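Visitor: Take a look at coords.cif, mmCIF, C-alpha atoms:
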data_work
#
loop_
_atom_site.label_atom_id
_atom_site.label_comp_id
_atom_site.auth_asym_id
_atom_site.auth_seq_id
_atom_site.Cartn_x
_atom_site.Cartn_y
_atom_site.Cartn_z
CA MET A 1008 -14.64 -58.88 -31.65
CA ARG A 1009 -14.22 -62.60 -32.31
CA SER A 1010 -11.24 -63.75 -34.34
CA ALA A 1011 -11.74 -64.19 -38.07
CA THR A 1012 -9.68 -64.87 -41.18
CA SER A 1013 -11.64 -62.93 -43.79
CA ALA A 1014 -13.72 -59.77 -43.71
CA LEU A 1015 -16.26 -58.15 -45.98
CA ILE A 1016 -16.60 -54.37 -45.68
CA VAL A 1017 -19.56 -52.64 -47.30
CA ALA A 1018 -19.71 -48.85 -47.53
CA SER A 1019 -22.46 -46.38 -48.26
CA GLY A 1020 -23.59 -46.36 -51.89
CA ALA A 1021 -22.24 -49.84 -52.64
CA LEU A 1022 -24.08 -51.72 -55.39
CA GLN A 1023 -26.39 -54.39 -54.02
CA HIS A 1024 -25.39 -56.92 -56.68
CA ALA A 1025 -21.70 -56.36 -55.84
CA VAL A 1026 -22.52 -57.22 -52.23
CA GLU A 1027 -24.51 -60.28 -53.32
CA ARG A 1028 -21.60 -61.64 -55.34
CA ALA A 1029 -18.95 -60.76 -52.74
CA PRO A 1030 -16.98 -63.74 -51.38
CA ARG A 1031 -18.17 -65.48 -48.21
CA SER A 1032 -16.42 -63.91 -45.23
CA ASP A 1033 -16.50 -64.80 -41.57
CA LEU A 1034 -16.66 -61.15 -40.47
CA VAL A 1035 -19.07 -58.70 -42.10
CA ILE A 1036 -18.60 -55.00 -41.35
CA ALA A 1037 -20.93 -52.21 -42.41
CA ALA A 1038 -19.31 -48.79 -42.80
CA ASP A 1039 -22.16 -46.47 -41.86
CA ALA A 1040 -24.97 -46.60 -44.46
CA GLY A 1041 -23.35 -49.64 -46.04
CA LEU A 1042 -25.62 -51.32 -43.49
CA GLU A 1043 -28.65 -50.52 -45.64
CA VAL A 1044 -27.11 -52.34 -48.61
CA LEU A 1045 -26.18 -55.37 -46.49
CA LEU A 1046 -29.73 -55.57 -45.12
CA ALA A 1047 -31.18 -55.26 -48.64
CA ALA A 1048 -28.84 -58.05 -49.75
CA ASP A 1049 -30.01 -60.14 -46.77
CA ARG A 1050 -26.45 -60.57 -45.54
CA PRO A 1051 -25.89 -61.02 -41.78
CA VAL A 1052 -23.84 -58.18 -40.26
CA ASP A 1053 -21.37 -58.54 -37.39
CA LEU A 1054 -20.32 -54.95 -36.85
CA VAL A 1055 -21.51 -51.47 -37.82
CA VAL A 1056 -18.98 -48.58 -37.57
CA GLY A 1057 -19.11 -44.88 -38.41
CA ASP A 1058 -20.70 -41.72 -37.13
CA LEU A 1059 -24.01 -43.33 -38.17
CA ASP A 1060 -25.52 -40.00 -39.25
CA SER A 1061 -26.58 -41.37 -42.62
CA VAL A 1062 -28.05 -44.72 -41.58
CA SER A 1063 -31.69 -45.09 -40.50
CA ALA A 1064 -32.74 -45.92 -36.93
CA GLU A 1065 -34.76 -48.84 -38.37
CA ALA A 1066 -31.67 -50.33 -40.01
CA LEU A 1067 -29.68 -49.99 -36.78
CA SER A 1068 -32.49 -51.64 -34.80
CA ALA A 1069 -32.74 -54.49 -37.27
CA ALA A 1070 -28.98 -55.04 -37.16
CA THR A 1071 -28.91 -54.97 -33.35
CA ALA A 1072 -31.83 -57.40 -33.14
CA ALA A 1073 -29.92 -59.73 -35.47
CA GLY A 1074 -26.89 -59.65 -33.18
CA ALA A 1075 -24.68 -57.00 -34.76
CA GLU A 1076 -22.35 -54.91 -32.65
CA ILE A 1077 -22.66 -51.12 -33.18
CA THR A 1078 -19.65 -48.84 -32.70
CA ARG A 1079 -20.60 -45.20 -33.02
CA HIS A 1080 -17.82 -42.66 -33.55
CA PRO A 1081 -18.08 -38.86 -33.20
CA SER A 1082 -18.84 -36.91 -36.41
CA ASP A 1083 -15.70 -34.81 -36.03
CA LYS A 1084 -13.43 -37.82 -36.31
CA ASP A 1085 -10.13 -37.86 -38.23
CA GLU A 1086 -10.79 -41.24 -39.88
CA SER A 1087 -13.23 -41.97 -42.67
CA ASP A 1088 -15.84 -44.68 -42.18
CA LEU A 1089 -13.77 -46.89 -44.50
CA GLU A 1090 -10.70 -46.41 -42.30
CA LEU A 1091 -12.71 -47.29 -39.18
CA ALA A 1092 -13.99 -50.45 -40.87
CA LEU A 1093 -10.52 -51.46 -42.11
CA SER A 1094 -9.08 -50.83 -38.66
CA ALA A 1095 -11.75 -53.03 -37.03
CA ALA A 1096 -11.06 -55.81 -39.54
CA ILE A 1097 -7.31 -55.65 -38.95
CA ASP A 1098 -7.83 -55.62 -35.18
CA SER A 1099 -9.69 -58.91 -35.47
CA GLY A 1100 -6.69 -60.45 -37.21
CA VAL A 1101 -8.11 -61.14 -40.67
CA GLN A 1102 -5.80 -62.10 -43.53
CA ARG A 1103 -8.16 -61.14 -46.35
CA ILE A 1104 -10.42 -58.12 -46.77
CA HIS A 1105 -12.89 -57.49 -49.58
CA ALA A 1106 -14.42 -54.01 -49.63
CA VAL A 1107 -17.48 -53.02 -51.63
CA LEU A 1108 -17.46 -49.27 -52.27
CA ARG A 1109 -19.42 -46.80 -54.31
CA ASP A 1110 -18.31 -45.47 -57.68
CA GLY A 1111 -18.88 -41.83 -58.54
CA GLY A 1112 -20.20 -39.35 -56.02
CA ARG A 1113 -17.77 -36.96 -54.40
CA LEU A 1114 -14.42 -36.96 -56.18
CA ASP A 1115 -12.54 -36.30 -52.92
CA HIS A 1116 -14.15 -39.38 -51.33
CA GLN A 1117 -13.39 -41.47 -54.42
CA LEU A 1118 -9.71 -40.49 -54.28
CA ALA A 1119 -9.56 -40.91 -50.49
CA ASN A 1120 -11.01 -44.41 -50.71
CA LEU A 1121 -8.31 -45.56 -53.14
CA LEU A 1122 -5.51 -43.95 -51.12
CA VAL A 1123 -6.85 -45.35 -47.84
CA LEU A 1124 -7.08 -48.90 -49.20
CA ALA A 1125 -3.37 -48.69 -50.04
CA SER A 1126 -2.25 -47.64 -46.57
CA THR A 1127 0.53 -49.69 -45.00
CA ARG A 1128 -1.59 -49.73 -41.82
CA TRP A 1129 -3.49 -52.72 -43.27
CA ARG A 1130 -0.65 -54.51 -44.99
CA SER A 1131 -1.00 -57.57 -42.75
CA ALA A 1132 -4.09 -58.39 -44.85
CA GLU A 1133 -4.60 -58.94 -48.56
CA ILE A 1134 -7.09 -56.30 -49.68
CA ASP A 1135 -9.25 -56.05 -52.74
CA ALA A 1136 -12.32 -54.03 -53.56
CA ALA A 1137 -15.24 -53.65 -55.90
CA VAL A 1138 -15.71 -49.94 -56.62
CA GLY A 1139 -18.97 -49.87 -58.51
CA GLU A 1140 -18.20 -52.17 -61.46
CA HIS A 1141 -14.42 -51.64 -61.21
CA ARG A 1142 -12.12 -54.16 -59.50
CA VAL A 1143 -9.21 -53.03 -57.34
CA TRP A 1144 -6.33 -54.91 -55.69
CA VAL A 1145 -3.75 -53.51 -53.27
CA VAL A 1146 -0.23 -54.82 -53.84
CA HIS A 1147 2.32 -54.81 -51.02
CA GLY A 1148 5.05 -57.31 -51.84
CA GLU A 1149 3.64 -59.81 -54.32
CA ARG A 1150 0.16 -60.57 -55.56
CA THR A 1151 -1.58 -62.73 -58.13
CA ILE A 1152 -4.45 -60.90 -59.83
CA PRO A 1153 -7.48 -63.07 -60.76
CA LEU A 1154 -7.88 -61.95 -64.38
CA VAL A 1155 -8.17 -63.81 -67.67
CA ALA A 1156 -6.29 -62.93 -70.86
CA GLY A 1157 -7.52 -59.74 -72.50
CA GLU A 1158 -8.74 -58.01 -69.36
CA PRO A 1159 -7.25 -54.56 -68.70
CA LEU A 1160 -5.04 -53.96 -65.68
CA ALA A 1161 -3.69 -50.58 -64.64
CA LEU A 1162 -0.92 -50.23 -62.06
CA HIS A 1163 -0.63 -47.03 -60.02
CA ALA A 1164 2.07 -46.37 -57.47
CA VAL A 1165 0.36 -44.35 -54.78
CA GLY A 1166 2.21 -42.66 -51.97
CA GLY A 1167 5.40 -42.29 -54.02
CA THR A 1168 7.55 -44.32 -56.41
CA ALA A 1169 7.32 -48.12 -56.22
CA THR A 1170 10.67 -49.77 -56.83
CA GLY A 1171 11.68 -53.21 -58.08
CA VAL A 1172 8.39 -53.76 -59.88
CA THR A 1173 8.23 -57.08 -61.76
CA THR A 1174 5.15 -58.43 -63.51
CA THR A 1175 4.16 -61.60 -65.34
CA ASN A 1176 1.45 -62.19 -67.95
CA LEU A 1177 1.01 -58.52 -68.82
CA LYS A 1178 1.20 -56.99 -72.30
CA TYR A 1179 3.76 -54.41 -71.20
CA PRO A 1180 5.95 -56.33 -68.73
CA LEU A 1181 7.96 -54.65 -66.02
CA VAL A 1182 11.21 -56.20 -64.81
CA ASP A 1183 12.75 -54.77 -61.66
CA ALA A 1184 11.51 -51.36 -62.78
CA ASP A 1185 10.70 -48.16 -60.94
CA LEU A 1186 7.08 -47.05 -61.25
CA PRO A 1187 6.87 -43.34 -60.37
CA GLY A 1188 3.85 -42.03 -58.54
CA LEU A 1189 2.55 -39.13 -60.58
CA VAL A 1190 2.43 -40.52 -64.11
CA ALA A 1191 -0.11 -42.31 -66.29
CA LEU A 1192 2.45 -44.94 -67.37
CA GLY A 1193 0.58 -47.83 -65.81
CA ILE A 1194 -2.87 -47.31 -67.32
CA SER A 1195 -2.97 -49.15 -70.62
CA ASN A 1196 -1.69 -52.56 -69.58
CA GLU A 1197 -3.65 -55.79 -69.90
CA ALA A 1198 -3.43 -59.46 -69.04
CA VAL A 1199 -2.07 -61.62 -71.89
CA ALA A 1200 -2.53 -64.85 -69.90
CA ALA A 1201 -4.52 -65.81 -66.83
CA SER A 1202 -3.53 -64.78 -63.32
CA PRO A 1203 -0.91 -62.08 -63.90
CA THR A 1204 1.38 -61.36 -60.97
CA VAL A 1205 2.76 -58.09 -59.66
CA ARG A 1206 5.75 -58.02 -57.32
CA ILE A 1207 7.27 -54.89 -55.80
CA GLU A 1208 10.28 -54.31 -53.57
CA THR A 1209 9.27 -51.04 -51.94
CA GLY A 1210 6.16 -48.90 -52.07
CA VAL A 1211 2.57 -49.83 -52.75
CA VAL A 1212 0.69 -50.29 -55.99
CA ILE A 1213 -3.03 -50.13 -56.64
CA ALA A 1214 -4.04 -52.46 -59.48
CA ILE A 1215 -7.31 -51.57 -61.22
CA SER A 1216 -9.25 -53.53 -63.82
CA SER A 1217 -11.71 -51.09 -65.31
CA SER A 1218 -13.25 -51.90 -68.67
CA MET B 404 4.15 -23.33 -80.74
CA ARG B 405 3.76 -19.60 -80.10
CA SER B 406 4.43 -18.31 -76.63
CA ALA B 407 1.44 -17.94 -74.33
CA THR B 408 0.72 -17.20 -70.68
CA SER B 409 -2.40 -19.31 -70.11
CA ALA B 410 -3.66 -22.57 -71.54
CA LEU B 411 -6.97 -24.38 -71.63
CA ILE B 412 -6.80 -28.17 -71.99
CA VAL B 413 -9.96 -30.10 -72.83
CA ALA B 414 -10.02 -33.89 -72.69
CA SER B 415 -12.36 -36.52 -74.01
CA GLY B 416 -15.68 -36.68 -72.18
CA ALA B 417 -15.43 -33.15 -70.80
CA LEU B 418 -18.76 -31.44 -70.14
CA GLN B 419 -19.61 -28.87 -72.79
CA HIS B 420 -20.89 -26.35 -70.25
CA ALA B 421 -17.64 -26.69 -68.28
CA VAL B 422 -15.76 -25.79 -71.46
CA GLU B 423 -18.11 -22.88 -72.15
CA ARG B 424 -17.50 -21.40 -68.70
CA ALA B 425 -13.75 -22.08 -68.71
CA PRO B 426 -11.58 -18.96 -68.37
CA ARG B 427 -10.30 -17.21 -71.51
CA SER B 428 -6.89 -18.62 -72.43
CA ASP B 429 -4.45 -17.67 -75.16
CA LEU B 430 -3.61 -21.29 -75.96
CA VAL B 431 -6.34 -23.92 -76.39
CA ILE B 432 -5.27 -27.56 -76.51
CA ALA B 433 -7.53 -30.50 -77.29
CA ALA B 434 -6.44 -33.83 -75.80
CA ASP B 435 -7.71 -36.29 -78.41
CA ALA B 436 -11.53 -36.37 -78.50
CA GLY B 437 -11.63 -33.28 -76.30
CA LEU B 438 -11.58 -31.67 -79.75
CA GLU B 439 -15.20 -32.70 -80.29
CA VAL B 440 -16.26 -30.85 -77.14
CA LEU B 441 -14.30 -27.73 -78.09
CA LEU B 442 -15.90 -27.70 -81.54
CA ALA B 443 -19.36 -28.17 -80.00
CA ALA B 444 -18.62 -25.28 -77.65
CA ASP B 445 -17.51 -23.20 -80.67
CA ARG B 446 -14.13 -22.51 -79.10
CA PRO B 447 -11.12 -21.98 -81.41
CA VAL B 448 -8.45 -24.66 -81.01
CA ASP B 449 -4.71 -24.09 -81.36
CA LEU B 450 -3.38 -27.63 -80.93
CA VAL B 451 -4.71 -31.19 -80.97
CA VAL B 452 -2.57 -33.91 -79.32
CA GLY B 453 -3.04 -37.63 -78.72
CA ASP B 454 -3.11 -40.84 -80.68
CA LEU B 455 -6.30 -39.47 -82.26
CA ASP B 456 -7.94 -42.87 -82.46
CA SER B 457 -11.11 -41.64 -80.79
CA VAL B 458 -11.65 -38.37 -82.66
CA SER B 459 -13.52 -38.18 -85.97
CA ALA B 460 -11.85 -37.34 -89.28
CA GLU B 461 -14.44 -34.59 -89.72
CA ALA B 462 -13.45 -32.96 -86.45
CA LEU B 463 -9.76 -33.10 -87.38
CA SER B 464 -10.50 -31.59 -90.79
CA ALA B 465 -12.55 -28.81 -89.24
CA ALA B 466 -9.79 -28.05 -86.74
CA THR B 467 -7.10 -28.04 -89.42
CA ALA B 468 -9.18 -25.78 -91.66
CA ALA B 469 -9.56 -23.38 -88.73
CA GLY B 470 -5.79 -23.24 -88.29
CA ALA B 471 -5.15 -25.79 -85.52
CA GLU B 472 -1.91 -27.70 -85.36
CA ILE B 473 -2.31 -31.49 -85.11
CA THR B 474 0.31 -33.59 -83.31
CA ARG B 475 -0.40 -37.29 -83.65
CA HIS B 476 1.39 -39.68 -81.27
CA PRO B 477 1.64 -43.48 -81.60
CA SER B 478 -1.02 -45.53 -79.78
CA ASP B 479 1.62 -47.45 -77.82
CA LYS B 480 2.88 -44.32 -76.11
CA ASP B 481 3.93 -44.12 -72.45
CA GLU B 482 2.11 -40.82 -71.81
CA SER B 483 -1.62 -40.29 -71.52
CA ASP B 484 -3.30 -37.71 -73.74
CA LEU B 485 -3.54 -35.45 -70.70
CA GLU B 486 0.22 -35.70 -70.13
CA LEU B 487 0.89 -34.87 -73.80
CA ALA B 488 -1.37 -31.82 -73.54
CA LEU B 489 0.19 -30.64 -70.28
CA SER B 490 3.66 -31.13 -71.73
CA ALA B 491 2.75 -29.05 -74.80
CA ALA B 492 1.35 -26.29 -72.60
CA ILE B 493 4.46 -26.22 -70.40
CA ASP B 494 6.72 -26.20 -73.49
CA SER B 495 5.00 -23.03 -74.64
CA GLY B 496 5.85 -21.35 -71.35
CA VAL B 497 2.40 -20.82 -69.87
CA GLN B 498 2.01 -19.80 -66.22
CA ARG B 499 -1.59 -20.96 -65.80
CA ILE B 500 -3.35 -24.09 -67.02
CA HIS B 501 -7.03 -24.93 -66.69
CA ALA B 502 -7.97 -28.49 -67.63
CA VAL B 503 -11.51 -29.70 -68.29
CA LEU B 504 -11.73 -33.45 -67.74
CA ARG B 505 -14.41 -36.07 -67.58
CA ASP B 506 -15.88 -37.39 -64.35
CA GLY B 507 -16.69 -41.09 -64.04
CA GLY B 508 -15.74 -43.57 -66.71
CA ARG B 509 -12.73 -45.80 -66.13
CA LEU B 510 -11.57 -45.65 -62.52
CA ASP B 511 -7.91 -46.11 -63.55
CA HIS B 512 -8.14 -43.10 -65.88
CA GLN B 513 -9.87 -41.05 -63.18
CA LEU B 514 -7.07 -41.81 -60.70
CA ALA B 515 -4.35 -41.30 -63.33
CA ASN B 516 -5.75 -37.88 -64.26
CA LEU B 517 -5.57 -36.65 -60.66
CA LEU B 518 -2.06 -38.04 -60.13
CA VAL B 519 -0.82 -36.66 -63.45
CA LEU B 520 -2.13 -33.16 -62.72
CA ALA B 521 -0.04 -33.18 -59.54
CA SER B 522 3.23 -34.08 -61.23
CA THR B 523 6.19 -31.85 -60.48
CA ARG B 524 6.91 -31.87 -64.24
CA TRP B 525 4.37 -29.03 -64.59
CA ARG B 526 5.10 -27.11 -61.41
CA SER B 527 6.24 -24.03 -63.34
CA ALA B 528 2.52 -23.42 -64.00
CA GLU B 529 -0.46 -22.98 -61.68
CA ILE B 530 -2.87 -25.78 -62.55
CA ASP B 531 -6.55 -26.22 -61.85
CA ALA B 532 -9.20 -28.43 -63.35
CA ALA B 533 -12.90 -29.03 -63.69
CA VAL B 534 -13.52 -32.78 -63.41
CA GLY B 535 -17.17 -33.06 -64.31
CA GLU B 536 -18.80 -30.80 -61.71
CA HIS B 537 -15.88 -31.11 -59.25
CA ARG B 538 -13.19 -28.42 -58.93
CA VAL B 539 -9.54 -29.34 -58.45
CA TRP B 540 -6.43 -27.27 -57.69
CA VAL B 541 -2.84 -28.46 -57.59
CA VAL B 542 -0.78 -26.96 -54.77
CA HIS B 543 3.01 -26.78 -55.02
CA GLY B 544 4.27 -24.14 -52.59
CA GLU B 545 1.39 -21.76 -51.85
CA ARG B 546 -2.01 -21.25 -53.41
CA THR B 547 -5.17 -19.24 -52.81
CA ILE B 548 -8.31 -21.27 -53.55
CA PRO B 549 -11.24 -19.30 -55.02
CA LEU B 550 -13.99 -20.51 -52.68
CA VAL B 551 -16.58 -18.76 -50.56
CA ALA B 552 -17.40 -19.61 -46.92
CA GLY B 553 -19.24 -22.89 -46.53
CA GLU B 554 -17.84 -24.63 -49.59
CA PRO B 555 -16.12 -27.97 -48.94
CA LEU B 556 -12.41 -28.36 -49.56
CA ALA B 557 -10.52 -31.64 -49.29
CA LEU B 558 -6.72 -31.77 -49.23
CA HIS B 559 -4.93 -34.91 -50.43
CA ALA B 560 -1.17 -35.34 -50.34
CA VAL B 561 -0.43 -37.39 -53.44
CA GLY B 562 2.95 -38.94 -54.13
CA GLY B 563 3.83 -39.15 -50.42
CA THR B 564 3.59 -37.06 -47.26
CA ALA B 565 3.34 -33.28 -47.66
CA THR B 566 5.24 -31.45 -44.93
CA GLY B 567 4.89 -28.00 -43.40
CA VAL B 568 1.25 -27.66 -44.42
CA THR B 569 -0.34 -24.42 -43.25
CA THR B 570 -3.84 -23.28 -44.17
CA THR B 571 -5.99 -20.20 -43.61
CA ASN B 572 -9.78 -19.82 -43.62
CA LEU B 573 -10.51 -23.55 -43.22
CA LYS B 574 -12.70 -25.13 -40.54
CA TYR B 575 -9.95 -27.55 -39.50
CA PRO B 576 -6.79 -25.46 -39.80
CA LEU B 577 -3.37 -26.94 -40.31
CA VAL B 578 -0.28 -25.17 -38.96
CA ASP B 579 3.10 -26.46 -40.13
CA ALA B 580 1.63 -29.96 -40.10
CA ASP B 581 2.51 -33.15 -41.91
CA LEU B 582 -0.25 -34.47 -44.17
CA PRO B 583 0.41 -38.16 -44.86
CA GLY B 584 -0.41 -39.60 -48.25
CA LEU B 585 -2.57 -42.62 -47.62
CA VAL B 586 -5.20 -41.32 -45.20
CA ALA B 587 -8.63 -39.73 -45.42
CA LEU B 588 -7.70 -36.99 -42.92
CA GLY B 589 -8.13 -34.16 -45.44
CA ILE B 590 -11.61 -34.92 -46.72
CA SER B 591 -14.08 -33.15 -44.46
CA ASN B 592 -12.64 -29.66 -44.40
CA GLU B 593 -14.45 -26.56 -45.61
CA ALA B 594 -13.90 -22.86 -46.17
CA VAL B 595 -15.02 -20.68 -43.23
CA ALA B 596 -14.15 -17.46 -45.06
CA ALA B 597 -13.50 -16.54 -48.67
CA SER B 598 -10.29 -17.44 -50.48
CA PRO B 599 -8.67 -19.99 -48.16
CA THR B 600 -4.95 -20.51 -48.67
CA VAL B 601 -2.86 -23.67 -48.58
CA ARG B 602 0.90 -23.52 -48.19
CA ILE B 603 3.24 -26.50 -48.15
CA GLU B 604 6.96 -26.87 -47.63
CA THR B 605 7.55 -30.17 -49.44
CA GLY B 606 5.36 -32.47 -51.46
CA VAL B 607 2.27 -31.76 -53.48
CA VAL B 608 -1.36 -31.48 -52.48
CA ILE B 609 -4.48 -31.86 -54.59
CA ALA B 610 -7.30 -29.67 -53.31
CA ILE B 611 -10.80 -30.77 -54.30
CA SER B 612 -14.11 -28.99 -53.82
CA SER B 613 -16.76 -31.59 -54.41
CA SER B 614 -20.25 -30.95 -53.08
#
Let's see the structure in the file written out as structure tokens.
Guide:
Amino acid sequence: MRSATSALIVASGALQHAVERAPRSDLVIAADAGLEVLLAADRPVDLVVGDLDSVSAEALSAATAAGAEITRHPSDKDESDLELALSAAIDSGVQRIHAVLRDGGRLDHQLANLLVLASTRWRSAEIDAAVGEHRVWVVHGERTIPLVAGEPLALHAVGGTATGVTTTNLKYPLVDADLPGLVALGISNEAVAASPTVRIETGVVIAISSS
Amino acid sequence: MRSATSALIVASGALQHAVERAPRSDLVIAADAGLEVLLAADRPVDLVVGDLDSVSAEALSAATAAGAEITRHPSDKDESDLELALSAAIDSGVQRIHAVLRDGGRLDHQLANLLVLASTRWRSAEIDAAVGEHRVWVVHGERTIPLVAGEPLALHAVGGTATGVTTTNLKYPLVDADLPGLVALGISNEAVAASPTVRIETGVVIAISSS
């Protein structure tokens, strides 16, 4: 895989218009049937990963003919297609990853996707995602969230308590606070000025803007 | 609040048929506009909690006339309506709680609901939930899951790694294993015989059957 600074990952069931408005990226990875959405959006694909049980032979042929690399994994794998795609992006050294994922569908997959995005395995890159119409940012350390005043922003500590949480430009500010993992405390916040920031000392926070 | 052994909690956006098929419970709690669904399902309500901004005055009057207690909380509260309802159920000493929650809608609320259900604050009770058409069980310690062979079952450690995880009757068994928090490892499991069990030493696991 050639070296790259930014990656776009598109998974099965992603919205075509979310793929069309995704930022330009110099590495485009299809997670399994995400390939179909990328082809429909007329977006060149560099790599296809997954067990490839849910993607058509025609789509795979078209991608191969257009120069995409195909990496087929066994069905009984431990990683999800999203994990395989994130791992491939990280291996190519990218600093930014934008994932386009489906909303709805299986609740276990929905939860797994959010937890997987937050894994410290990918913390060398800045990760955000479009999940259907919802926007998601993963915060390790510090992050500026591209919102305008009035937009909602929920903060969830996943994988345990986040400590030393400090925010700017949010209605309910946090200053060197602990954000426990299994509470709803973070849900009703919102930006009161553009570009709020979230900084944490330990742990990981998923920021969600869902209106 | 009178003492009770089982509670039914119904939240805003719950499916009426999921409320109609919910188990009999001796304490019925409406979380905010969950009241509308309970009234539509013709189910007597004991308690209504929440900021009550999204429930109609008519519904509140009907509930009061039928003997329900109403506990109105300020809008700027730290707890979600689900947390208030769970807290009320626990305060009345119940040993079993069944929650009926909405699927879809705001992604931050969806994630918060799953994390909140898993909180150790309620571990004195056995908790399960219907989230739209998905079934969810919270596992602290040991739990038997009412599935038949062939039904999917995903296991997610929320709030950090679960240790000493041992299962029975699942396709991919775990024996005294660690289940990390931010991975998709648990998603593709399924029951290979009726009534699989999940036992954990430390941590908490959300089990989801979502087909």
Visitor: Which residues, written as a PyMOL selection string, have at least one atom at most 12 Å from Ser459 (chain B), with only C-alpha atoms counted and residues fewer than 5 positions away on the same chain left out?
Guide: chain B and resi 435-440+442+454+464-466
Visitor: Would you work out the distance separating CA of Lys1178 (chain A) from CA of Ser1218 (chain A), expressed in Å to one decimal?
Guide: 15.7 Å
Visitor: Pick out the closest residue to chain A from this set: B:Ala560, B:Leu577, B:Leu430, B:Ile548. Count only C-alpha atoms.
Guide: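 Comparing B:Ala560, B:Leu577, B:Leu430, B:Ile548 against chain A, the winner is B:Ala560.
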Visitor: Could you tell me which residues the PyMOL selection byres ((chain A and resi 1175) around 7) returns for this structure, as a PyMOL selection string?
Guide: chain A and resi 1174+1176-1177+1180+1203-1205
Visitor: For each of A:Leu1089, A:Leu1059, A:Val1146, A:Leu1118, take the minimum atom-to-atom distance to Ile609 (chain B), counting all atoms listed in the file, then give the residue where this is smallest.
Guide: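 Counting all atoms listed in the file, the residue closest to Ile609 (chain B) is A:Leu1118.
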Visitor: Please identify all residues of chain A having at least one atom at most 7 Å from any atom of chain B, considering only C-alpha atoms, and return them as a PyMOL selection string.
Guide: chain A and resi 1085-1087+1111+1113-1116+1119+1122-1123+1125-1126+1141+1161+1165-1167+1188-1192+1194+1215+1217-1218
Visitor: Do you have the CA of Ala491 (chain B)-CA of Thr605 (chain B) distance handy?
Guide: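 Here the two named atoms are 25.8 Å from each other.
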Visitor: Between CA of Thr408 (chain B) and CA of Gly496 (chain B), what is the spacing in Å?
Guide: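 Computed distance, CA of Gly496 (chain B) to CA of Thr408 (chain B), equals 6.6 Å.
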Visitor: Evaluate the PyMOL selection byres ((chain A and resi 1071) around 12) on the structure here and hand back the selected residues as a list in words.
Guide: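 This file, filtered by the PyMOL selection byres ((chain A and resi 1071) around 12), leaves Leu1042, Leu1046, Pro1051, Val1052, Asp1053, Leu1054, Val1055, Ala1064, Glu1065, Ala1066, Leu1067, Ser1068, Ala1069, Ala1070, Ala1072, Ala1073, Gly1074, Ala1075, Glu1076, Ile1077 and Thr1078 of chain A.
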Visitor: Excluding same-chain residues fewer than 5 positions from Thr1170 (chain A), what lies within 8 Å of it counting only C-alpha atoms, as a count of residues only?
Guide: 8
Visitor: Could you spell out the hits of the PyMOL selection byres ((chain A and resi 1132) around 6) on the shown file, as a VMD selection string?
Guide: chain A and resid 1102 to 1103 1129 to 1131 1133
